[in-house]
Amino acid sequence: MAAAETAGTTRTRFRGDIQGLRTVAVLLVVAYHLTGMPSGGFIGVDVFFVISGFLIGGALFRQFDSEGRIGLKAFYWRRLWRLGPASLAAIVATVGMSFWLMSTARAHETLVDAGWTLLLVANLRFALQGVDYSNVGAADSPLLHFWSLAVEEQFYIIAPLAIMGAALLAPRVMKDVARRRVGVVLVVLVLLGASAWMTLANPGHAYFSLAARAWELAVGVFAALLVSVSTERIDRLRVDIAYVGLALIAFSGLWVSESVGFPFPWAIPAVLGSALVVWSGARGAGPAVLDNAPMRYLGDRSFAIYLWHFPAIAMVQQFRLDNRVINWVAALVLTFAATELSYRLVEKPLRAIGHGERPRWNWSRREAWTNVMSASAVVGAVGALVFAVVVRPLPQPPADEVSAISETNAPTAPAEPAAAVSPFADLWAEPMGPAERERVAQIEQALASTSWDDREGVIESAAYVDNYPECLGEWGVAGAAAQIADERCWFGDPEGDRTIYVAGDSNALSFVPAVVAAYPDAQVRALTIGQCPLIAIGTATFAHDRDPALCAEASQAFMDELERVHPDAVVLVTASSTMWRLASGATGGAAEAEWTEAFRTTLSELATFTEDVIVLDSLRSSVPIDECAWTFSRPSDCFATLGGVQVEVPRVQRAVVDELALDNVHYPQTLQWYCDAEGRCPAAIDGVAVVVDTEHLTEGGARALGPLLAERVPLDRSAAAAS
């Protein structure tokens, strides 16, 4: 038996079916990142892991069996030469585009991401950042997809060392094919157990971790060790087995989602299916659906497609075009044009050099034309996007000219349309004082402005009061007690003649600068816990990783403290998003009923042991400024629209306040401090960012509310009576 067969593998040959499988994998990933469909498109990465394990594992075992050793230097150099130049080109281009299109802060973040990527630890970077891969958006790194390449590269570093280590520690196992296979199976099972534990303990980290993904690559290695297994009956069924594998991949792509356990257990069908495909075609022709000219063409370019698709999507997202189809087409044009250039100008020539051949630069007329067209497509797509965003509407004639034309051409005057009624009219209050009138004008200006006066200054203003993490207590009685005792959570005038407590969740903490600005002669105290409202309602965290009873205990401890100190005023703020995560699981009308009862209970209690209760609405509908303030954007592009719980919660609370009719409860209509009457909420008002994410006020954004709060709730009986 030949050395290669002793290894349990066969000699390498061109595998058109593997190129076709690469095409399936990369198209799944591109479709998922571009459109969010199919729901399991991200399993294309798992298909790539199995292919890599199969090819690299097989090659390493063949070399070990034929030479008795593995040439580490040559192996690592081949991997670097194969992957490095094309990856470097994509990284450099992406960082350059980031500095052109994104804010300086985000561009610097991308540059840092590039450093981690070049060190082959991008997966660690994104795991440590807590990136949610199932909710990737415009704010995520354009280099996020390099996490999977980091996993593969870490495998390439470890795999030859593991084989050499096994040869030293268990030489009998390595010399016997059957024992070798059993050994790899045991490794797969151990790694699968580690993946199961990591997925249960910390699914976010598991998604990006080599430790949780290594079993997938090991399954590919095992498939490589099985290719010499052959009988007449098996050989007749090989194509059918490949189709079974493809069916498993299709099932995973169409059904699996990241809301289920991943990578364990729901990566198993895609991994098993991929292993069946690569194994079945090792001793004969693969299925025609994979091994054909179009699939091989895309398979040859699958690495380049993967490198360029995510930066292309991320950059197109920066243009924030309303039409999704135009976004998709632009991203695909950029992806495949950049792919063709990268493949022809970087990958193919360097691959030839790596094989000891001279790269061919004297292109045929067809090749030269393809290169020119690809470059033109990149330039044209970017230019078209810039034009679509930057171009302004044609100037309109003056109003008096329009009137004159209308009077001349119109035989009869049309009937006047009825005045439109805002769907949010019940959440706006009249009359307004000078501060609110000025605020309304600033909001209107922000929504109409066509240029940034100081874009970078606006972005830098997005600082959150998370500078005071000690003022976000832990759930439970002990956490609340520690927060109550922490003297660092006093703000305002330490010699002030009144005390105001700001109570609630992290949204309440973000309102502290507003309260300090409104009442500069007051001592302001924060009693706040992240994702835990003061109102007496069962609440879960977004991750559902804490016992709701602990939040209830902490809230009650805060209420006991407020009753004990009898502050002059309590400012109550609750994130409207809390209604999405009630511990009861209630939604719709049931959630509103539960909120009504809890709010009524809390408000009634607060009113008995403080002179004034002020209820303020948090803002849920806004856009983080660093997501929309980019090179070609306008302030008028940066707004979100009110809806959902952002208006449901204020309406429920307003009904309770009206029902109780308590003289010392104040509920100013705060939504008009952020949005216009049509419910449009700009990301920046008067040159200051409003929120740092989608709901927490920036420090500057909160301070700007001070005059508005003081005007609506003066906390001065004589002033209030006079007004």
# chains A, B, ... in the order shown; residues from 1 in each chain; ligands from 1

call {"tool": "residues_around", "arguments": {"residues": "range 81-97 of chain A", "least_positions_apart": "6", "cutoff": "9 Å", "atoms": "only C-alpha atoms", "output": "number ranges by chain"}}
result
A: 107-108, 110-111, 114, 117-118, 142-143, 146, 303-304, 307-308, 311-312, 315, 342-343, 346-347, 350-351, 354

call {"tool": "residues_around", "arguments": {"residues": "range 33-39 of chain A", "least_positions_apart": "3", "cutoff": "8 Å", "atoms": "only C-alpha atoms", "output": "ChimeraX atom specification"}}
result
/A:28-30,42,253-257,310,313,328,331

call {"tool": "write_last_selection", "arguments": {"atoms": "all heavy atoms", "output": "mmCIF file, in the first residue's frame"}}
result
data_model
loop_
_atom_site.group_PDB
_atom_site.id
_atom_site.type_symbol
_atom_site.label_atom_id
_atom_site.label_comp_id
_atom_site.auth_asym_id
_atom_site.auth_seq_id
_atom_site.Cartn_x
_atom_site.Cartn_y
_atom_site.Cartn_z
ATOM 1 N N LEU A 28 -24.004 31.616 0.439
ATOM 2 C CA LEU A 28 -24.827 31.632 1.643
ATOM 3 C C LEU A 28 -24.430 32.795 2.552
ATOM 4 O O LEU A 28 -25.284 33.539 3.058
ATOM 5 C CB LEU A 28 -24.678 30.313 2.404
ATOM 6 C CG LEU A 28 -25.476 29.112 1.896
ATOM 7 C CD1 LEU A 28 -25.043 27.842 2.621
ATOM 8 C CD2 LEU A 28 -26.976 29.332 2.093
ATOM 9 N N VAL A 29 -23.128 32.970 2.756
ATOM 10 C CA VAL A 29 -22.644 34.027 3.643
ATOM 11 C C VAL A 29 -22.972 35.402 3.074
ATOM 12 O O VAL A 29 -23.452 36.291 3.797
ATOM 13 C CB VAL A 29 -21.125 33.882 3.874
ATOM 14 C CG1 VAL A 29 -20.580 35.086 4.645
ATOM 15 C CG2 VAL A 29 -20.823 32.603 4.635
ATOM 16 N N VAL A 30 -22.722 35.595 1.783
ATOM 17 C CA VAL A 30 -22.987 36.895 1.164
ATOM 18 C C VAL A 30 -24.475 37.232 1.240
ATOM 19 O O VAL A 30 -24.862 38.353 1.591
ATOM 20 C CB VAL A 30 -22.499 36.912 -0.298
ATOM 21 C CG1 VAL A 30 -22.975 38.181 -1.003
ATOM 22 C CG2 VAL A 30 -20.980 36.826 -0.355
ATOM 23 N N PHE A 42 -25.340 32.095 7.618
ATOM 24 C CA PHE A 42 -24.036 32.185 8.274
ATOM 25 C C PHE A 42 -23.346 30.830 8.380
ATOM 26 O O PHE A 42 -22.141 30.770 8.662
ATOM 27 C CB PHE A 42 -24.187 32.782 9.670
ATOM 28 C CG PHE A 42 -25.148 32.038 10.554
ATOM 29 C CD1 PHE A 42 -24.717 30.990 11.358
ATOM 30 C CD2 PHE A 42 -26.490 32.377 10.590
ATOM 31 C CE1 PHE A 42 -25.600 30.297 12.165
ATOM 32 C CE2 PHE A 42 -27.385 31.696 11.393
ATOM 33 C CZ PHE A 42 -26.939 30.644 12.179
ATOM 34 N N GLY A 253 -29.057 25.967 6.160
ATOM 35 C CA GLY A 253 -29.137 27.322 5.636
ATOM 36 C C GLY A 253 -30.531 27.906 5.702
ATOM 37 O O GLY A 253 -30.707 29.097 5.964
ATOM 38 N N LEU A 254 -31.539 27.061 5.497
ATOM 39 C CA LEU A 254 -32.916 27.557 5.438
ATOM 40 C C LEU A 254 -33.608 27.576 6.790
ATOM 41 O O LEU A 254 -34.521 28.378 7.008
ATOM 42 C CB LEU A 254 -33.737 26.697 4.464
ATOM 43 C CG LEU A 254 -33.304 26.756 2.997
ATOM 44 C CD1 LEU A 254 -34.088 25.735 2.182
ATOM 45 C CD2 LEU A 254 -33.494 28.155 2.428
ATOM 46 N N TRP A 255 -33.188 26.711 7.717
ATOM 47 C CA TRP A 255 -33.938 26.574 8.957
ATOM 48 C C TRP A 255 -33.205 27.108 10.184
ATOM 49 O O TRP A 255 -33.813 27.746 11.048
ATOM 50 C CB TRP A 255 -34.289 25.107 9.187
ATOM 51 C CG TRP A 255 -35.169 24.926 10.389
ATOM 52 C CD1 TRP A 255 -36.530 25.052 10.451
ATOM 53 C CD2 TRP A 255 -34.741 24.625 11.726
ATOM 54 N NE1 TRP A 255 -36.978 24.834 11.740
ATOM 55 C CE2 TRP A 255 -35.897 24.569 12.553
ATOM 56 C CE3 TRP A 255 -33.499 24.395 12.308
ATOM 57 C CZ2 TRP A 255 -35.842 24.291 13.908
ATOM 58 C CZ3 TRP A 255 -33.443 24.120 13.663
ATOM 59 C CH2 TRP A 255 -34.594 24.067 14.447
ATOM 60 N N VAL A 256 -31.912 26.838 10.274
ATOM 61 C CA VAL A 256 -31.162 27.210 11.476
ATOM 62 C C VAL A 256 -31.106 28.730 11.595
ATOM 63 O O VAL A 256 -31.023 29.453 10.604
ATOM 64 C CB VAL A 256 -29.731 26.626 11.427
ATOM 65 C CG1 VAL A 256 -28.885 27.172 12.566
ATOM 66 C CG2 VAL A 256 -29.784 25.108 11.493
ATOM 67 N N SER A 257 -31.152 29.226 12.824
ATOM 68 C CA SER A 257 -30.956 30.647 13.071
ATOM 69 C C SER A 257 -30.088 30.796 14.307
ATOM 70 O O SER A 257 -29.903 29.845 15.077
ATOM 71 C CB SER A 257 -32.291 31.379 13.275
ATOM 72 O OG SER A 257 -32.846 31.039 14.530
ATOM 73 N N PHE A 310 -17.986 41.840 2.777
ATOM 74 C CA PHE A 310 -18.435 42.539 3.983
ATOM 75 C C PHE A 310 -18.005 44.002 3.990
ATOM 76 O O PHE A 310 -18.812 44.876 4.333
ATOM 77 C CB PHE A 310 -17.940 41.814 5.240
ATOM 78 C CG PHE A 310 -18.747 42.141 6.460
ATOM 79 C CD1 PHE A 310 -19.994 41.568 6.663
ATOM 80 C CD2 PHE A 310 -18.281 43.035 7.401
ATOM 81 C CE1 PHE A 310 -20.752 41.869 7.782
ATOM 82 C CE2 PHE A 310 -19.026 43.349 8.525
ATOM 83 C CZ PHE A 310 -20.273 42.762 8.718
ATOM 84 N N ILE A 313 -20.449 45.754 1.665
ATOM 85 C CA ILE A 313 -21.764 45.965 2.284
ATOM 86 C C ILE A 313 -21.688 47.077 3.317
ATOM 87 O O ILE A 313 -22.556 47.965 3.375
ATOM 88 C CB ILE A 313 -22.259 44.654 2.926
ATOM 89 C CG1 ILE A 313 -22.539 43.607 1.843
ATOM 90 C CG2 ILE A 313 -23.511 44.907 3.761
ATOM 91 C CD1 ILE A 313 -22.818 42.214 2.395
ATOM 92 N N TRP A 328 -28.419 46.640 -2.356
ATOM 93 C CA TRP A 328 -27.944 45.287 -2.648
ATOM 94 C C TRP A 328 -27.157 45.247 -3.955
ATOM 95 O O TRP A 328 -26.082 44.631 -4.022
ATOM 96 C CB TRP A 328 -29.132 44.327 -2.736
ATOM 97 C CG TRP A 328 -29.872 44.157 -1.448
ATOM 98 C CD1 TRP A 328 -29.458 44.552 -0.198
ATOM 99 C CD2 TRP A 328 -31.166 43.568 -1.267
ATOM 100 N NE1 TRP A 328 -30.400 44.243 0.747
ATOM 101 C CE2 TRP A 328 -31.462 43.635 0.123
ATOM 102 C CE3 TRP A 328 -32.088 42.985 -2.115
ATOM 103 C CZ2 TRP A 328 -32.652 43.139 0.659
ATOM 104 C CZ3 TRP A 328 -33.272 42.498 -1.584
ATOM 105 C CH2 TRP A 328 -33.544 42.574 -0.219
ATOM 106 N N ALA A 331 -23.750 46.922 -3.554
ATOM 107 C CA ALA A 331 -22.826 46.093 -2.781
ATOM 108 C C ALA A 331 -22.321 44.911 -3.602
ATOM 109 O O ALA A 331 -21.133 44.560 -3.543
ATOM 110 C CB ALA A 331 -23.510 45.601 -1.503
#

call {"tool": "select_by_dssp", "arguments": {"residues": "range 266-297 of chain A", "states": "alpha helix (DSSP H)", "output": "list in words"}}
result
Ile268, Pro269, Ala270, Val271, Leu272, Gly273, Ser274, Ala275, Leu276, Val277, Val278, Trp279, Ser280, Ala293, Pro294, Met295, Arg296 and Tyr297 of chain A

call {"tool": "write_last_selection", "arguments": {"atoms": "N, CA, C and O atoms", "output": "short mmCIF file (atom, residue, chain, number, x, y, z; two decimals), in the first residue's frame"}}
result
data_model
loop_
_atom_site.label_atom_id
_atom_site.label_comp_id
_atom_site.auth_asym_id
_atom_site.auth_seq_id
_atom_site.Cartn_x
_atom_site.Cartn_y
_atom_site.Cartn_z
N ILE A 268 -24.02 21.14 13.76
CA ILE A 268 -23.76 19.73 13.42
C ILE A 268 -24.31 19.35 12.05
O ILE A 268 -23.60 18.72 11.25
N PRO A 269 -25.56 19.68 11.68
CA PRO A 269 -26.04 19.27 10.35
C PRO A 269 -25.18 19.82 9.21
O PRO A 269 -24.85 19.08 8.27
N ALA A 270 -24.81 21.11 9.28
CA ALA A 270 -24.00 21.69 8.21
C ALA A 270 -22.62 21.07 8.17
O ALA A 270 -22.06 20.80 7.08
N VAL A 271 -22.03 20.81 9.32
CA VAL A 271 -20.69 20.21 9.37
C VAL A 271 -20.73 18.78 8.85
O VAL A 271 -19.88 18.37 8.04
N LEU A 272 -21.71 18.01 9.29
CA LEU A 272 -21.84 16.64 8.82
C LEU A 272 -22.10 16.61 7.32
O LEU A 272 -21.50 15.81 6.57
N GLY A 273 -22.98 17.48 6.84
CA GLY A 273 -23.26 17.53 5.41
C GLY A 273 -22.04 17.89 4.59
O GLY A 273 -21.76 17.28 3.54
N SER A 274 -21.26 18.84 5.05
CA SER A 274 -20.04 19.25 4.34
C SER A 274 -19.04 18.11 4.30
O SER A 274 -18.37 17.86 3.28
N ALA A 275 -18.92 17.38 5.44
CA ALA A 275 -17.99 16.25 5.49
C ALA A 275 -18.39 15.16 4.50
O ALA A 275 -17.54 14.56 3.83
N LEU A 276 -19.69 14.92 4.38
CA LEU A 276 -20.16 13.91 3.41
C LEU A 276 -19.82 14.32 1.99
O LEU A 276 -19.42 13.48 1.16
N VAL A 277 -19.97 15.59 1.68
CA VAL A 277 -19.68 16.06 0.32
C VAL A 277 -18.20 15.93 -0.01
O VAL A 277 -17.82 15.38 -1.06
N VAL A 278 -17.33 16.41 0.88
CA VAL A 278 -15.90 16.38 0.56
C VAL A 278 -15.36 14.95 0.57
O VAL A 278 -14.45 14.62 -0.20
N TRP A 279 -15.93 14.09 1.42
CA TRP A 279 -15.47 12.70 1.45
C TRP A 279 -15.94 11.93 0.23
O TRP A 279 -15.18 11.18 -0.38
N SER A 280 -17.20 12.13 -0.16
CA SER A 280 -17.77 11.31 -1.22
C SER A 280 -17.10 11.55 -2.57
O SER A 280 -17.04 10.63 -3.40
N ALA A 293 -18.93 24.47 -14.76
CA ALA A 293 -18.11 25.66 -15.03
C ALA A 293 -18.49 26.87 -14.17
O ALA A 293 -17.61 27.50 -13.57
N PRO A 294 -19.76 27.26 -14.07
CA PRO A 294 -20.08 28.44 -13.24
C PRO A 294 -19.70 28.26 -11.77
O PRO A 294 -19.19 29.18 -11.13
N MET A 295 -19.97 27.07 -11.22
CA MET A 295 -19.66 26.84 -9.81
C MET A 295 -18.15 26.82 -9.59
O MET A 295 -17.66 27.33 -8.56
N ARG A 296 -17.41 26.25 -10.53
CA ARG A 296 -15.94 26.26 -10.38
C ARG A 296 -15.40 27.67 -10.50
O ARG A 296 -14.46 28.05 -9.80
N TYR A 297 -15.99 28.47 -11.40
CA TYR A 297 -15.53 29.85 -11.58
C TYR A 297 -15.67 30.64 -10.27
O TYR A 297 -14.74 31.31 -9.82
#

call {"tool": "residues_around", "arguments": {"residues": "Val645 in chain A", "least_positions_apart": "5", "cutoff": "10 Å", "atoms": "only C-alpha atoms", "output": "list in words"}}
result
Ala575, Ser576, Ser577, Thr578, Met579, Trp580, Gly588, Glu592, Arg620, Ser621, Pro650, Arg651 and Val652 of chain A

call {"tool": "closest_residue", "arguments": {"among": "A:Glu611, A:Gln672, A:Tyr156, A:Glu594", "to": "Arg78 in chain A", "atoms": "only C-alpha atoms"}}
result
A:Tyr156

call {"tool": "residues_around", "arguments": {"residues": "Leu200 in chain A", "least_positions_apart": "2", "cutoff": "12 Å", "atoms": "only C-alpha atoms", "output": "compact mmCIF listing (two decimals) with C-alpha atoms, in the first residue's frame"}}
result
# COMPACT_ATOMS: atom_id res chain seq x y z
CA GLY A 193 -18.04 18.71 24.41
CA ALA A 194 -16.01 21.88 24.87
CA SER A 195 -18.15 23.60 22.25
CA ALA A 196 -21.33 22.49 24.04
CA TRP A 197 -20.09 23.83 27.37
CA MET A 198 -18.93 27.15 25.86
CA ASN A 202 -21.27 32.15 26.92
CA PRO A 203 -22.78 31.83 23.44
CA GLY A 204 -21.39 35.18 22.31
CA HIS A 205 -17.79 34.17 23.01
CA ALA A 206 -18.36 30.63 21.73
CA TYR A 207 -19.42 31.93 18.35
CA ALA A 212 -15.74 26.12 20.27
CA VAL A 260 -30.91 28.60 18.68
CA GLY A 261 -27.80 26.99 20.17
CA PHE A 262 -24.85 27.78 17.95
CA PRO A 263 -22.26 26.48 17.24
CA PHE A 264 -23.56 23.61 19.41
CA PRO A 265 -25.69 21.77 18.54
CA ASP A 545 -29.51 36.13 32.35

call {"tool": "residues_around", "arguments": {"residues": "Val690 in chain A", "least_positions_apart": "3", "cutoff": "10 Å", "atoms": "only C-alpha atoms", "output": "list in words"}}
result
Val458, Ser461, Ala462, Ala463, Leu619, Ser622, Val623, Pro624, Ile625, Tyr674, Cys681, Pro682, Ala683, Ala684, Ile685, Asp686, Gly687, Asp693, Thr694, Glu695, His696, Leu697, Thr698, Glu699, Gly700, Gly701, Ala702 and Ala704 of chain A

call {"tool": "closest_residue", "arguments": {"among": "A:Ile614, A:Ala338, A:Ala607, A:Val187", "to": "His566 in chain A", "atoms": "only C-alpha atoms"}}
result
A:Ala607

call {"tool": "closest_atom_pairs", "arguments": {"of": "range 194-288 of chain A", "to": "range 12-27 of chain A", "cutoff": "9 Å", "atoms": "only C-alpha atoms", "output": "tab-separated table"}}
result
residue	atom	partner	partner_atom	distance
A:Leu246	CA	A:Leu21	CA	8.8
A:Ser274	CA	A:Leu21	CA	8.1
A:Val277	CA	A:Ile18	CA	8.0
A:Val278	CA	A:Ile18	CA	6.5
A:Gly281	CA	A:Asp17	CA	7.0
A:Ala282	CA	A:Arg15	CA	7.9
A:Ala285	CA	A:Asp17	CA	7.8
A:Gly286	CA	A:Asp17	CA	5.2
A:Pro287	CA	A:Asp17	CA	6.8
A:Ala288	CA	A:Asp17	CA	7.9

call {"tool": "write_last_selection", "arguments": {"atoms": "all heavy atoms", "output": "mmCIF file, in the first residue's frame"}}
result
data_model
loop_
_atom_site.group_PDB
_atom_site.id
_atom_site.type_symbol
_atom_site.label_atom_id
_atom_site.label_comp_id
_atom_site.auth_asym_id
_atom_site.auth_seq_id
_atom_site.Cartn_x
_atom_site.Cartn_y
_atom_site.Cartn_z
ATOM 1 N N LEU A 246 -25.511 17.703 0.745
ATOM 2 C CA LEU A 246 -26.038 18.993 0.291
ATOM 3 C C LEU A 246 -27.407 19.274 0.897
ATOM 4 O O LEU A 246 -27.734 20.430 1.215
ATOM 5 C CB LEU A 246 -26.125 19.008 -1.240
ATOM 6 C CG LEU A 246 -24.795 19.118 -1.989
ATOM 7 C CD1 LEU A 246 -25.020 18.989 -3.495
ATOM 8 C CD2 LEU A 246 -24.130 20.452 -1.679
ATOM 9 N N SER A 274 -21.256 18.845 5.050
ATOM 10 C CA SER A 274 -20.038 19.247 4.338
ATOM 11 C C SER A 274 -19.037 18.107 4.305
ATOM 12 O O SER A 274 -18.373 17.858 3.277
ATOM 13 C CB SER A 274 -19.408 20.466 5.014
ATOM 14 O OG SER A 274 -20.327 21.529 5.081
ATOM 15 N N VAL A 277 -19.966 15.594 1.685
ATOM 16 C CA VAL A 277 -19.683 16.056 0.319
ATOM 17 C C VAL A 277 -18.198 15.927 -0.010
ATOM 18 O O VAL A 277 -17.822 15.383 -1.059
ATOM 19 C CB VAL A 277 -20.155 17.510 0.134
ATOM 20 C CG1 VAL A 277 -19.708 18.046 -1.233
ATOM 21 C CG2 VAL A 277 -21.668 17.611 0.256
ATOM 22 N N VAL A 278 -17.328 16.413 0.882
ATOM 23 C CA VAL A 278 -15.896 16.376 0.560
ATOM 24 C C VAL A 278 -15.364 14.953 0.568
ATOM 25 O O VAL A 278 -14.450 14.618 -0.201
ATOM 26 C CB VAL A 278 -15.085 17.259 1.531
ATOM 27 C CG1 VAL A 278 -15.483 18.722 1.377
ATOM 28 C CG2 VAL A 278 -15.233 16.820 2.984
ATOM 29 N N GLY A 281 -16.598 12.740 -2.803
ATOM 30 C CA GLY A 281 -16.002 13.027 -4.106
ATOM 31 C C GLY A 281 -14.520 12.735 -4.188
ATOM 32 O O GLY A 281 -13.885 13.037 -5.212
ATOM 33 N N ALA A 282 -13.948 12.134 -3.136
ATOM 34 C CA ALA A 282 -12.498 11.931 -3.114
ATOM 35 C C ALA A 282 -12.044 10.823 -4.045
ATOM 36 O O ALA A 282 -10.883 10.802 -4.481
ATOM 37 C CB ALA A 282 -12.034 11.631 -1.688
ATOM 38 N N ALA A 285 -16.023 11.255 -9.442
ATOM 39 C CA ALA A 285 -16.605 12.550 -9.795
ATOM 40 C C ALA A 285 -17.640 12.964 -8.760
ATOM 41 O O ALA A 285 -18.377 12.138 -8.217
ATOM 42 C CB ALA A 285 -17.250 12.459 -11.179
ATOM 43 N N GLY A 286 -17.676 14.255 -8.490
ATOM 44 C CA GLY A 286 -18.675 14.789 -7.576
ATOM 45 C C GLY A 286 -19.975 15.042 -8.299
ATOM 46 O O GLY A 286 -20.081 14.869 -9.519
ATOM 47 N N PRO A 287 -20.996 15.471 -7.575
ATOM 48 C CA PRO A 287 -22.293 15.736 -8.204
ATOM 49 C C PRO A 287 -22.196 16.875 -9.212
ATOM 50 O O PRO A 287 -21.487 17.862 -8.991
ATOM 51 C CB PRO A 287 -23.193 16.103 -7.017
ATOM 52 C CG PRO A 287 -22.265 16.520 -5.925
ATOM 53 C CD PRO A 287 -21.013 15.738 -6.120
ATOM 54 N N ALA A 288 -22.911 16.726 -10.313
ATOM 55 C CA ALA A 288 -22.835 17.720 -11.388
ATOM 56 C C ALA A 288 -23.299 19.098 -10.937
ATOM 57 O O ALA A 288 -22.852 20.116 -11.472
ATOM 58 C CB ALA A 288 -23.669 17.248 -12.586
#

call {"tool": "closest_residue", "arguments": {"among": "A:Pro434, A:Ala446, A:Leu606, A:Ser555", "to": "Pro707 in chain A", "atoms": "only C-alpha atoms"}}
result
A:Pro434

call {"tool": "residues_around", "arguments": {"residues": "range 530-540 of chain A", "least_positions_apart": "2", "cutoff": "6 Å", "atoms": "only C-alpha atoms", "output": "PDB file with N, CA, C and O atoms, in the first residue's frame"}}
result
ATOM      1  N   LEU A 472     -24.406  52.681  38.618  1.00  0.00           N
ATOM      2  CA  LEU A 472     -25.322  51.671  38.095  1.00  0.00           C
ATOM      3  C   LEU A 472     -25.163  50.440  38.980  1.00  0.00           C
ATOM      4  O   LEU A 472     -24.270  49.617  38.774  1.00  0.00           O
ATOM      5  N   GLY A 504     -34.293  55.041  38.889  1.00  0.00           N
ATOM      6  CA  GLY A 504     -34.712  54.216  37.762  1.00  0.00           C
ATOM      7  C   GLY A 504     -33.578  53.371  37.236  1.00  0.00           C
ATOM      8  O   GLY A 504     -32.719  52.908  37.989  1.00  0.00           O
ATOM      9  N   ASP A 505     -33.541  53.218  35.923  1.00  0.00           N
ATOM     10  CA  ASP A 505     -32.542  52.363  35.287  1.00  0.00           C
ATOM     11  C   ASP A 505     -31.430  53.215  34.682  1.00  0.00           C
ATOM     12  O   ASP A 505     -31.237  54.375  35.067  1.00  0.00           O
ATOM     13  N   SER A 506     -30.692  52.653  33.733  1.00  0.00           N
ATOM     14  CA  SER A 506     -29.572  53.397  33.134  1.00  0.00           C
ATOM     15  C   SER A 506     -30.051  54.630  32.381  1.00  0.00           C
ATOM     16  O   SER A 506     -29.306  55.609  32.251  1.00  0.00           O
ATOM     17  N   HIS A 544     -31.822  37.904  29.347  1.00  0.00           N
ATOM     18  CA  HIS A 544     -32.542  36.963  30.219  1.00  0.00           C
ATOM     19  C   HIS A 544     -31.564  36.132  31.056  1.00  0.00           C
ATOM     20  O   HIS A 544     -31.707  34.917  31.199  1.00  0.00           O
ATOM     21  N   PRO A 548     -35.515  37.833  37.734  1.00  0.00           N
ATOM     22  CA  PRO A 548     -36.312  39.059  37.887  1.00  0.00           C
ATOM     23  C   PRO A 548     -36.575  39.420  39.348  1.00  0.00           C
ATOM     24  O   PRO A 548     -36.768  40.600  39.677  1.00  0.00           O
ATOM     25  N   CYS A 551     -34.225  42.102  40.684  1.00  0.00           N
ATOM     26  CA  CYS A 551     -34.562  43.485  40.321  1.00  0.00           C
ATOM     27  C   CYS A 551     -35.654  44.011  41.244  1.00  0.00           C
ATOM     28  O   CYS A 551     -35.592  45.150  41.726  1.00  0.00           O
ATOM     29  N   SER A 555     -35.302  47.287  43.612  1.00  0.00           N
ATOM     30  CA  SER A 555     -36.247  48.402  43.490  1.00  0.00           C
ATOM     31  C   SER A 555     -36.924  48.698  44.819  1.00  0.00           C
ATOM     32  O   SER A 555     -37.112  49.863  45.197  1.00  0.00           O
ATOM     33  N   THR A 574     -37.920  55.710  33.274  1.00  0.00           N
ATOM     34  CA  THR A 574     -37.898  54.277  32.960  1.00  0.00           C
ATOM     35  C   THR A 574     -37.758  54.105  31.450  1.00  0.00           C
ATOM     36  O   THR A 574     -38.490  54.734  30.684  1.00  0.00           O
ATOM     37  N   ARG A 581     -39.582  43.473  27.673  1.00  0.00           N
ATOM     38  CA  ARG A 581     -38.920  42.382  28.404  1.00  0.00           C
ATOM     39  C   ARG A 581     -39.521  42.197  29.789  1.00  0.00           C
ATOM     40  O   ARG A 581     -38.813  42.053  30.775  1.00  0.00           O
ATOM     41  N   LEU A 582     -40.828  42.186  29.848  1.00  0.00           N
ATOM     42  CA  LEU A 582     -41.488  41.905  31.115  1.00  0.00           C
ATOM     43  C   LEU A 582     -41.257  40.445  31.501  1.00  0.00           C
ATOM     44  O   LEU A 582     -41.269  39.547  30.641  1.00  0.00           O
ATOM     45  N   ALA A 583     -41.037  40.210  32.780  1.00  0.00           N
ATOM     46  CA  ALA A 583     -40.768  38.846  33.247  1.00  0.00           C
ATOM     47  C   ALA A 583     -41.947  37.921  32.965  1.00  0.00           C
ATOM     48  O   ALA A 583     -41.774  36.720  32.758  1.00  0.00           O
ATOM     49  N   ALA A 598     -48.552  48.592  37.720  1.00  0.00           N
ATOM     50  CA  ALA A 598     -47.268  48.791  38.392  1.00  0.00           C
ATOM     51  C   ALA A 598     -46.946  50.277  38.527  1.00  0.00           C
ATOM     52  O   ALA A 598     -46.489  50.735  39.580  1.00  0.00           O
ATOM     53  N   PHE A 599     -47.209  51.046  37.477  1.00  0.00           N
ATOM     54  CA  PHE A 599     -46.921  52.476  37.504  1.00  0.00           C
ATOM     55  C   PHE A 599     -47.826  53.192  38.510  1.00  0.00           C
ATOM     56  O   PHE A 599     -47.384  54.070  39.258  1.00  0.00           O
ATOM     57  N   THR A 602     -46.455  52.415  42.096  1.00  0.00           N
ATOM     58  CA  THR A 602     -45.207  53.117  42.408  1.00  0.00           C
ATOM     59  C   THR A 602     -45.444  54.613  42.559  1.00  0.00           C
ATOM     60  O   THR A 602     -44.935  55.256  43.488  1.00  0.00           O
TER      61      THR A 602
END

call {"tool": "residues_around", "arguments": {"residues": "range 148-155 of chain A", "least_positions_apart": "4", "cutoff": "8 Å", "atoms": "only C-alpha atoms", "output": "JSON, numbers by chain"}}
result
{"A": [45, 49, 52, 117, 120, 121, 122, 123, 159, 208, 209, 210, 213, 214, 217]}
